[in-house]
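First comes the structure, then the notes that go with it.
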Amino acid sequence: MPEELTEGEIAERIARIGDQFAVSGDFLYGEELRNGHINTTYRACYRSEDGQVDRYILQRINDYVFKDPAQVMRNVEKVTRHITWKLLRRRRDAAGQTLNLFPARGGRNYIVLPEEGGMWRCYNNIEGTHTYDVVENTRQAYQAGYAFGSFQDLICDMNPEDIKESIPDFHNTPKRYADLLKSVEADVKGRVANCQAELELLKSWESRYSRITDMLASGELPTRITHNDTKINNVMLDEETDDAVCVIDLDTVMPGSVLYDFGDMVRTATCMAKEDEEDLSKVRMEMPFFESLAEGYLDAAHNFLTTKEVEFMPFAGWLITTEIGIRFLTDYLDGDLYFRTEKPEHNLIRARNQFKLAQSIDSQLISMGKYVRRLMKSYSK
Ligand code: GN1
Ligand code: MG
């Protein structure tokens, strides 16, 4: 599928795809949203006869990443419906909106368009909101924590049998590391020589990778339905107040540990540098951001978390940051097949950035733990 189209060609394409869904009115314009690494995403805008302007999100599901896109859609449908049900029952305003799917021609909630590169779906655009690719202040960190904590609370009573794994072993850190070692062995692009220091560092951390998966296997940690991609730009905040409104990107909602969700928030809501910042002196975990994030998250989630889950919250931040770094590095060695890249060595740059952040988190684990324990005490008063 051609990825580099002119603006005019993109608009035509968006109009063609939008026409397949239950959207009404005259097509006004369309634009590409480029802040994800995986799916192709467009926003389409229509004006109806009475002058009302409606916007929709059209998205192609990446079938290299999601081997069974129809299964992803079944999961997404169950999750969005469950949340809608719960919001209607509770009338709660926290994170009070959800994505909804619009039906496609033929009656499914997606449509396969071989000439447009595969499977497409259509969501409502969450109006009056915006996202941040990088956290700017502690209030945003609090809101992100609160939004994902509320989201976990909304879906925690779903029937786990209903939700299938859309990507097996998605957050299986030891498996991710084993996959990296396979790519090192194969070295298909001759790139291993460029990342010796990173590989040494990862080897020195090896004994810690299975800590969470081991506790899930032994039952020490509960398996719950979780989001699994809780980066800061997956939460929509109110344009004016920056209050959390809605959690998006539901493709990886699967059974897992809430710790990976919290960990990914630490990775993206406590560091003011982008994931691909090359000046590593800017890449560090900021303690005041962690404090606000933990406060937001626990305000929403302290009621249902177990003691073990709370205990491992800081460690999870280190673990997933390392895990994502491992995945970037693996993709770099494999020849950039998985994550969309925009410049040479992009995945290596991302990996180095993540390892720097992981080191920064590692050096602050004790203070992070103290803060979380203090917060938990404040709820029992
Ligand atoms: C990918 O959806 P997107 O592009 O924001 C990836 C996540 C990574 C993230 C790193 C399905 O997320 O696991 O944490 O990039 N999603 C998938 O930025 O692999
Ligand atoms: Mg995603």
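Starting from 1 in every chain, residues are counted up; chains themselves are A, B, ... following the order of the structure tokens, and ligands are numbered from 1 as listed.
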Inset, instruction - May I have the residues within 10 Å of Ala147 in chain A as an NGL selection string, using only C-alpha atoms and disregarding those fewer than 6 positions away in the same chain? - result: :A and (94-96 or 141 or 153 or 230 or 234-237 or 243-247 or 296-297 or 300)
Inset, instruction - Write down as an MDAnalysis selection string the residues of range 174-264 of chain A whose backbone DSSP state falls under helix (DSSP H, G or I). - result: chainID A and resid 174:186 192:204 206:208 211:218 232:234 258:264
Inset, instruction - Please identify all polymer residues within 12 Å of Met368 in chain A, counting only C-alpha atoms, omitting same-chain residues fewer than 3 positions from it, and present them as a ChimeraX atom specification. - result: /A:266,270,285-295,310-318,360-365,371-375
Using N, CA, C and O atoms, can you write the selected residues to a file as a compact mmCIF listing (two decimals), in the first residue's frame?
```txt
# COMPACT_ATOMS: atom_id res chain seq x y z
N VAL A 266 4.39 4.99 33.60
CA VAL A 266 5.64 5.53 34.15
C VAL A 266 6.58 5.87 32.99
O VAL A 266 7.20 6.94 32.95
N THR A 270 6.24 10.27 32.91
CA THR A 270 7.15 10.85 33.90
C THR A 270 8.43 11.38 33.25
O THR A 270 9.35 11.80 33.94
N MET A 285 13.58 10.06 34.43
CA MET A 285 12.30 10.02 35.11
C MET A 285 12.25 11.14 36.13
O MET A 285 13.16 11.27 36.95
N GLU A 286 11.20 11.94 36.07
CA GLU A 286 11.07 13.08 36.99
C GLU A 286 10.19 12.65 38.16
O GLU A 286 9.02 12.33 37.97
N MET A 287 10.76 12.67 39.35
CA MET A 287 10.03 12.20 40.53
C MET A 287 8.68 12.91 40.76
O MET A 287 7.68 12.23 41.03
N PRO A 288 8.60 14.24 40.63
CA PRO A 288 7.28 14.88 40.85
C PRO A 288 6.21 14.37 39.87
O PRO A 288 5.03 14.27 40.24
N PHE A 289 6.63 14.00 38.67
CA PHE A 289 5.66 13.45 37.71
C PHE A 289 5.23 12.06 38.16
O PHE A 289 4.05 11.70 38.07
N PHE A 290 6.20 11.29 38.65
CA PHE A 290 5.83 9.95 39.14
C PHE A 290 4.83 10.07 40.28
O PHE A 290 3.85 9.33 40.35
N GLU A 291 5.08 11.02 41.19
CA GLU A 291 4.18 11.17 42.34
C GLU A 291 2.76 11.48 41.89
O GLU A 291 1.79 10.90 42.37
N SER A 292 2.64 12.41 40.94
CA SER A 292 1.29 12.77 40.46
C SER A 292 0.64 11.61 39.73
O SER A 292 -0.55 11.35 39.88
N LEU A 293 1.44 10.93 38.92
CA LEU A 293 0.91 9.79 38.17
C LEU A 293 0.38 8.72 39.14
O LEU A 293 -0.74 8.22 38.99
N ALA A 294 1.20 8.38 40.15
CA ALA A 294 0.80 7.34 41.10
C ALA A 294 -0.45 7.77 41.85
O ALA A 294 -1.36 6.97 42.11
N GLU A 295 -0.52 9.05 42.18
CA GLU A 295 -1.68 9.56 42.91
C GLU A 295 -2.94 9.44 42.05
O GLU A 295 -3.98 8.97 42.53
N VAL A 310 0.48 -3.39 44.17
CA VAL A 310 0.95 -2.07 44.59
C VAL A 310 2.47 -2.10 44.81
O VAL A 310 3.20 -1.21 44.38
N GLU A 311 2.93 -3.17 45.43
CA GLU A 311 4.37 -3.28 45.75
C GLU A 311 5.24 -3.20 44.49
O GLU A 311 6.32 -2.61 44.51
N PHE A 312 4.75 -3.76 43.40
CA PHE A 312 5.60 -3.83 42.20
C PHE A 312 5.38 -2.68 41.21
O PHE A 312 5.93 -2.70 40.11
N MET A 313 4.60 -1.69 41.60
CA MET A 313 4.34 -0.57 40.67
C MET A 313 5.62 0.12 40.18
O MET A 313 5.80 0.32 38.98
N PRO A 314 6.54 0.49 41.08
CA PRO A 314 7.76 1.15 40.59
C PRO A 314 8.59 0.23 39.69
O PRO A 314 9.02 0.63 38.60
N PHE A 315 8.75 -1.03 40.11
CA PHE A 315 9.53 -1.98 39.32
C PHE A 315 8.95 -2.12 37.91
O PHE A 315 9.68 -2.22 36.91
N ALA A 316 7.60 -2.12 37.83
CA ALA A 316 6.95 -2.28 36.52
C ALA A 316 7.35 -1.16 35.56
O ALA A 316 7.46 -1.38 34.36
N GLY A 317 7.57 0.04 36.11
CA GLY A 317 8.01 1.15 35.27
C GLY A 317 9.35 0.84 34.63
O GLY A 317 9.57 1.04 33.43
N TRP A 318 10.26 0.31 35.44
CA TRP A 318 11.57 -0.07 34.92
C TRP A 318 11.43 -1.21 33.90
O TRP A 318 12.01 -1.18 32.81
N SER A 360 17.46 5.53 34.63
CA SER A 360 17.01 6.60 35.50
C SER A 360 15.94 6.10 36.48
O SER A 360 15.95 6.41 37.67
N ILE A 361 15.02 5.30 35.97
CA ILE A 361 13.97 4.74 36.85
C ILE A 361 14.63 3.84 37.89
O ILE A 361 14.33 3.92 39.09
N ASP A 362 15.55 3.00 37.43
CA ASP A 362 16.22 2.06 38.31
C ASP A 362 16.85 2.77 39.50
O ASP A 362 16.78 2.31 40.64
N SER A 363 17.45 3.93 39.22
CA SER A 363 18.16 4.63 40.30
C SER A 363 17.19 5.32 41.27
O SER A 363 17.61 5.84 42.29
N GLN A 364 15.89 5.33 40.94
CA GLN A 364 14.93 6.02 41.83
C GLN A 364 13.89 5.07 42.42
O GLN A 364 12.91 5.51 43.03
N LEU A 365 14.12 3.75 42.24
CA LEU A 365 13.10 2.78 42.67
C LEU A 365 12.76 2.89 44.16
O LEU A 365 11.60 2.76 44.54
N TYR A 371 7.08 6.43 48.18
CA TYR A 371 5.96 7.33 47.88
C TYR A 371 4.65 6.53 47.71
O TYR A 371 3.60 6.91 48.24
N VAL A 372 4.73 5.42 47.00
CA VAL A 372 3.53 4.61 46.77
C VAL A 372 2.99 4.08 48.11
O VAL A 372 1.78 4.10 48.35
N ARG A 373 3.89 3.65 48.98
CA ARG A 373 3.44 3.13 50.28
C ARG A 373 2.75 4.23 51.08
O ARG A 373 1.73 4.01 51.74
N ARG A 374 3.34 5.43 51.02
CA ARG A 374 2.73 6.55 51.75
C ARG A 374 1.33 6.86 51.22
O ARG A 374 0.38 7.06 51.98
N LEU A 375 1.20 6.83 49.92
CA LEU A 375 -0.11 7.09 49.32
C LEU A 375 -1.13 6.05 49.78
O LEU A 375 -2.26 6.40 50.15
```
Inset, instruction - Collect all residues with atoms no farther than 7 Å from ligand 2, counting only C-alpha atoms and all ligand atoms, and output them as a list of chain:residue names. - result: A:Gly36, A:Ile38, A:Asp229, A:Asp249, A:Asp251, A:Thr252
Inset, instruction - Show which residues sit within 8 Å of range 161-173 of chain A, as an MDAnalysis selection string. Count only C-alpha atoms, and ignore same-chain residues fewer than 4 positions away. - result: chainID A and resid 65:68 71:72 75 78 177 209:210 213 225 228 251:256 260 319:320 323
Legend entry - Spatial neighbours of range 354-359 of chain A, 8 Å, only C-alpha atoms, chain gap at least 5 places, as a VMD selection string: chain A and resid 198 267 271 275 280 283 to 285 317 to 319 321 to 322 324 to 325
Just N, CA and C atoms for this one: save the residues we selected as a PDB file, in the first residue's frame.
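Done, and the output landed in selection.pdb:
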```
ATOM      1  N   GLU A 198      24.631  -1.774  24.356  1.00  0.00           N
ATOM      2  CA  GLU A 198      23.237  -1.997  24.749  1.00  0.00           C
ATOM      3  C   GLU A 198      23.005  -3.468  25.085  1.00  0.00           C
ATOM      4  N   ARG A 267       6.646   4.973  32.036  1.00  0.00           N
ATOM      5  CA  ARG A 267       7.543   5.171  30.892  1.00  0.00           C
ATOM      6  C   ARG A 267       7.213   6.466  30.141  1.00  0.00           C
ATOM      7  N   CYS A 271       8.498  11.316  31.935  1.00  0.00           N
ATOM      8  CA  CYS A 271       9.706  11.751  31.231  1.00  0.00           C
ATOM      9  C   CYS A 271       9.307  12.817  30.219  1.00  0.00           C
ATOM     10  N   GLU A 275      10.136   9.812  23.007  1.00  0.00           N
ATOM     11  CA  GLU A 275      10.635   8.434  22.969  1.00  0.00           C
ATOM     12  C   GLU A 275      11.834   8.295  22.020  1.00  0.00           C
ATOM     13  N   LEU A 280      20.441  12.341  25.077  1.00  0.00           N
ATOM     14  CA  LEU A 280      20.049  11.496  26.214  1.00  0.00           C
ATOM     15  C   LEU A 280      20.130  12.220  27.557  1.00  0.00           C
ATOM     16  N   VAL A 283      16.784  12.747  28.894  1.00  0.00           N
ATOM     17  CA  VAL A 283      15.924  11.590  29.150  1.00  0.00           C
ATOM     18  C   VAL A 283      16.088  11.117  30.595  1.00  0.00           C
ATOM     19  N   ARG A 284      15.103  11.398  31.410  1.00  0.00           N
ATOM     20  CA  ARG A 284      15.145  10.912  32.799  1.00  0.00           C
ATOM     21  C   ARG A 284      13.746  10.884  33.386  1.00  0.00           C
ATOM     22  N   MET A 285      13.579  10.060  34.427  1.00  0.00           N
ATOM     23  CA  MET A 285      12.301  10.023  35.111  1.00  0.00           C
ATOM     24  C   MET A 285      12.250  11.144  36.135  1.00  0.00           C
ATOM     25  N   GLY A 317       7.570   0.037  36.113  1.00  0.00           N
ATOM     26  CA  GLY A 317       8.012   1.150  35.266  1.00  0.00           C
ATOM     27  C   GLY A 317       9.354   0.836  34.630  1.00  0.00           C
ATOM     28  N   TRP A 318      10.255   0.308  35.444  1.00  0.00           N
ATOM     29  CA  TRP A 318      11.568  -0.067  34.920  1.00  0.00           C
ATOM     30  C   TRP A 318      11.429  -1.214  33.896  1.00  0.00           C
ATOM     31  N   LEU A 319      10.601  -2.206  34.243  1.00  0.00           N
ATOM     32  CA  LEU A 319      10.520  -3.412  33.410  1.00  0.00           C
ATOM     33  C   LEU A 319       9.972  -3.094  32.024  1.00  0.00           C
ATOM     34  N   THR A 321       9.810  -0.257  30.448  1.00  0.00           N
ATOM     35  CA  THR A 321      10.693   0.639  29.688  1.00  0.00           C
ATOM     36  C   THR A 321      11.809  -0.185  29.049  1.00  0.00           C
ATOM     37  N   THR A 322      12.346  -1.116  29.825  1.00  0.00           N
ATOM     38  CA  THR A 322      13.379  -2.007  29.288  1.00  0.00           C
ATOM     39  C   THR A 322      12.788  -2.878  28.179  1.00  0.00           C
ATOM     40  N   ILE A 324      10.228  -2.327  26.166  1.00  0.00           N
ATOM     41  CA  ILE A 324       9.979  -1.590  24.912  1.00  0.00           C
ATOM     42  C   ILE A 324      11.326  -1.311  24.230  1.00  0.00           C
ATOM     43  N   GLY A 325      12.349  -1.002  25.032  1.00  0.00           N
ATOM     44  CA  GLY A 325      13.688  -0.817  24.458  1.00  0.00           C
ATOM     45  C   GLY A 325      14.147  -2.094  23.754  1.00  0.00           C
TER      46      GLY A 325
END
```
Inset, instruction - Quick one: pick out all strand (DSSP E) residues within range 130-358 of chain A from a backbone DSSP run and write them as a ChimeraX atom specification. - result: /A:130,224-226,235-238,244-247,254-256
Legend entry - Residue nearest Glu239 in chain A among A:Arg55, A:Arg60, A:Lys343, A:His130 (counting only C-alpha atoms): A:His130
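Going from CA of Glu9 in chain A over to atom 10 (C, counted along the ligand's line) of ligand 1, you cover 28.2 Å.
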Legend entry - Spatial neighbours of Phe21 in chain A, max dist 12 Å, only C-alpha atoms, sep filter under 2 positions, as an NGL selection string: :A and (14-19 or 23-25 or 44 or 56-59 or 101-112 or 120-124)
Could you write those residues out with N, CA and C atoms, as a tab-separated table (two decimals), in the first residue's frame?
```
chain	number	residue	atom	x	y	z
A	14	ILE	N	-9.48	9.09	1.82
A	14	ILE	CA	-10.30	9.14	3.03
A	14	ILE	C	-11.79	9.18	2.64
A	15	ALA	N	-12.11	9.99	1.63
A	15	ALA	CA	-13.50	10.09	1.20
A	15	ALA	C	-14.00	8.72	0.72
A	16	ARG	N	-13.15	8.02	-0.04
A	16	ARG	CA	-13.53	6.69	-0.56
A	16	ARG	C	-13.78	5.71	0.58
A	17	ILE	N	-12.89	5.72	1.57
A	17	ILE	CA	-13.02	4.76	2.66
A	17	ILE	C	-14.21	5.13	3.55
A	18	GLY	N	-14.33	6.43	3.84
A	18	GLY	CA	-15.44	6.90	4.69
A	18	GLY	C	-16.78	6.51	4.11
A	19	ASP	N	-16.87	6.50	2.80
A	19	ASP	CA	-18.11	6.18	2.11
A	19	ASP	C	-18.59	4.75	2.40
A	23	VAL	N	-21.74	6.86	7.87
A	23	VAL	CA	-21.54	8.28	8.16
A	23	VAL	C	-22.37	9.05	7.14
A	24	SER	N	-22.93	10.20	7.56
A	24	SER	CA	-23.79	10.92	6.61
A	24	SER	C	-23.25	12.33	6.41
A	25	GLY	N	-23.75	12.99	5.38
A	25	GLY	CA	-23.33	14.36	5.10
A	25	GLY	C	-22.33	14.42	3.98
A	44	ALA	N	-11.80	12.13	9.32
A	44	ALA	CA	-12.64	12.59	8.21
A	44	ALA	C	-13.73	13.50	8.75
A	56	TYR	N	-14.99	11.81	12.16
A	56	TYR	CA	-14.85	10.38	12.41
A	56	TYR	C	-13.38	9.98	12.29
A	57	ILE	N	-13.06	8.88	12.92
A	57	ILE	CA	-11.71	8.33	12.79
A	57	ILE	C	-11.78	7.07	11.93
A	58	LEU	N	-11.01	7.04	10.88
A	58	LEU	CA	-10.92	5.85	10.02
A	58	LEU	C	-9.54	5.24	10.24
A	59	GLN	N	-9.53	3.95	10.43
A	59	GLN	CA	-8.25	3.34	10.78
A	59	GLN	C	-8.06	2.00	10.09
A	101	LEU	N	-17.88	2.03	17.64
A	101	LEU	CA	-17.64	1.63	16.26
A	101	LEU	C	-18.86	1.93	15.40
A	102	PHE	N	-18.64	2.41	14.20
A	102	PHE	CA	-19.75	2.62	13.26
A	102	PHE	C	-19.82	1.45	12.30
A	103	PRO	N	-21.03	0.98	12.01
A	103	PRO	CA	-21.15	-0.16	11.10
A	103	PRO	C	-20.68	0.17	9.69
A	104	ALA	N	-20.25	-0.88	9.01
A	104	ALA	CA	-19.78	-0.72	7.62
A	104	ALA	C	-20.79	-1.35	6.68
A	105	ARG	N	-20.69	-0.97	5.41
A	105	ARG	CA	-21.45	-1.63	4.36
A	105	ARG	C	-21.32	-3.14	4.51
A	106	GLY	N	-22.43	-3.86	4.48
A	106	GLY	CA	-22.33	-5.32	4.63
A	106	GLY	C	-22.67	-5.75	6.05
A	107	GLY	N	-22.73	-4.79	6.99
A	107	GLY	CA	-23.23	-5.11	8.32
A	107	GLY	C	-22.21	-5.43	9.39
A	108	ARG	N	-20.94	-5.48	9.03
A	108	ARG	CA	-19.93	-5.72	10.08
A	108	ARG	C	-19.46	-4.38	10.64
A	109	ASN	N	-18.64	-4.47	11.69
A	109	ASN	CA	-18.08	-3.21	12.21
A	109	ASN	C	-16.70	-2.93	11.61
A	110	TYR	N	-16.40	-3.58	10.53
A	110	TYR	CA	-15.18	-3.29	9.78
A	110	TYR	C	-15.43	-3.69	8.34
A	111	ILE	N	-14.55	-3.28	7.48
A	111	ILE	CA	-14.69	-3.69	6.08
A	111	ILE	C	-13.30	-3.98	5.51
A	112	VAL	N	-13.24	-5.02	4.70
A	112	VAL	CA	-11.95	-5.35	4.08
A	112	VAL	C	-11.93	-4.74	2.69
A	120	TRP	N	-10.44	-2.00	7.46
A	120	TRP	CA	-10.68	-0.65	7.98
A	120	TRP	C	-11.85	-0.64	8.95
A	121	ARG	N	-11.79	0.30	9.90
A	121	ARG	CA	-12.91	0.49	10.83
A	121	ARG	C	-13.13	1.99	11.01
A	122	CYS	N	-14.24	2.32	11.64
A	122	CYS	CA	-14.59	3.73	11.81
A	122	CYS	C	-15.06	3.96	13.24
A	123	TYR	N	-14.44	4.95	13.88
A	123	TYR	CA	-14.80	5.33	15.25
A	123	TYR	C	-15.34	6.76	15.25
A	124	ASN	N	-16.07	7.09	16.31
A	124	ASN	CA	-16.39	8.50	16.57
A	124	ASN	C	-15.10	9.25	16.91
```
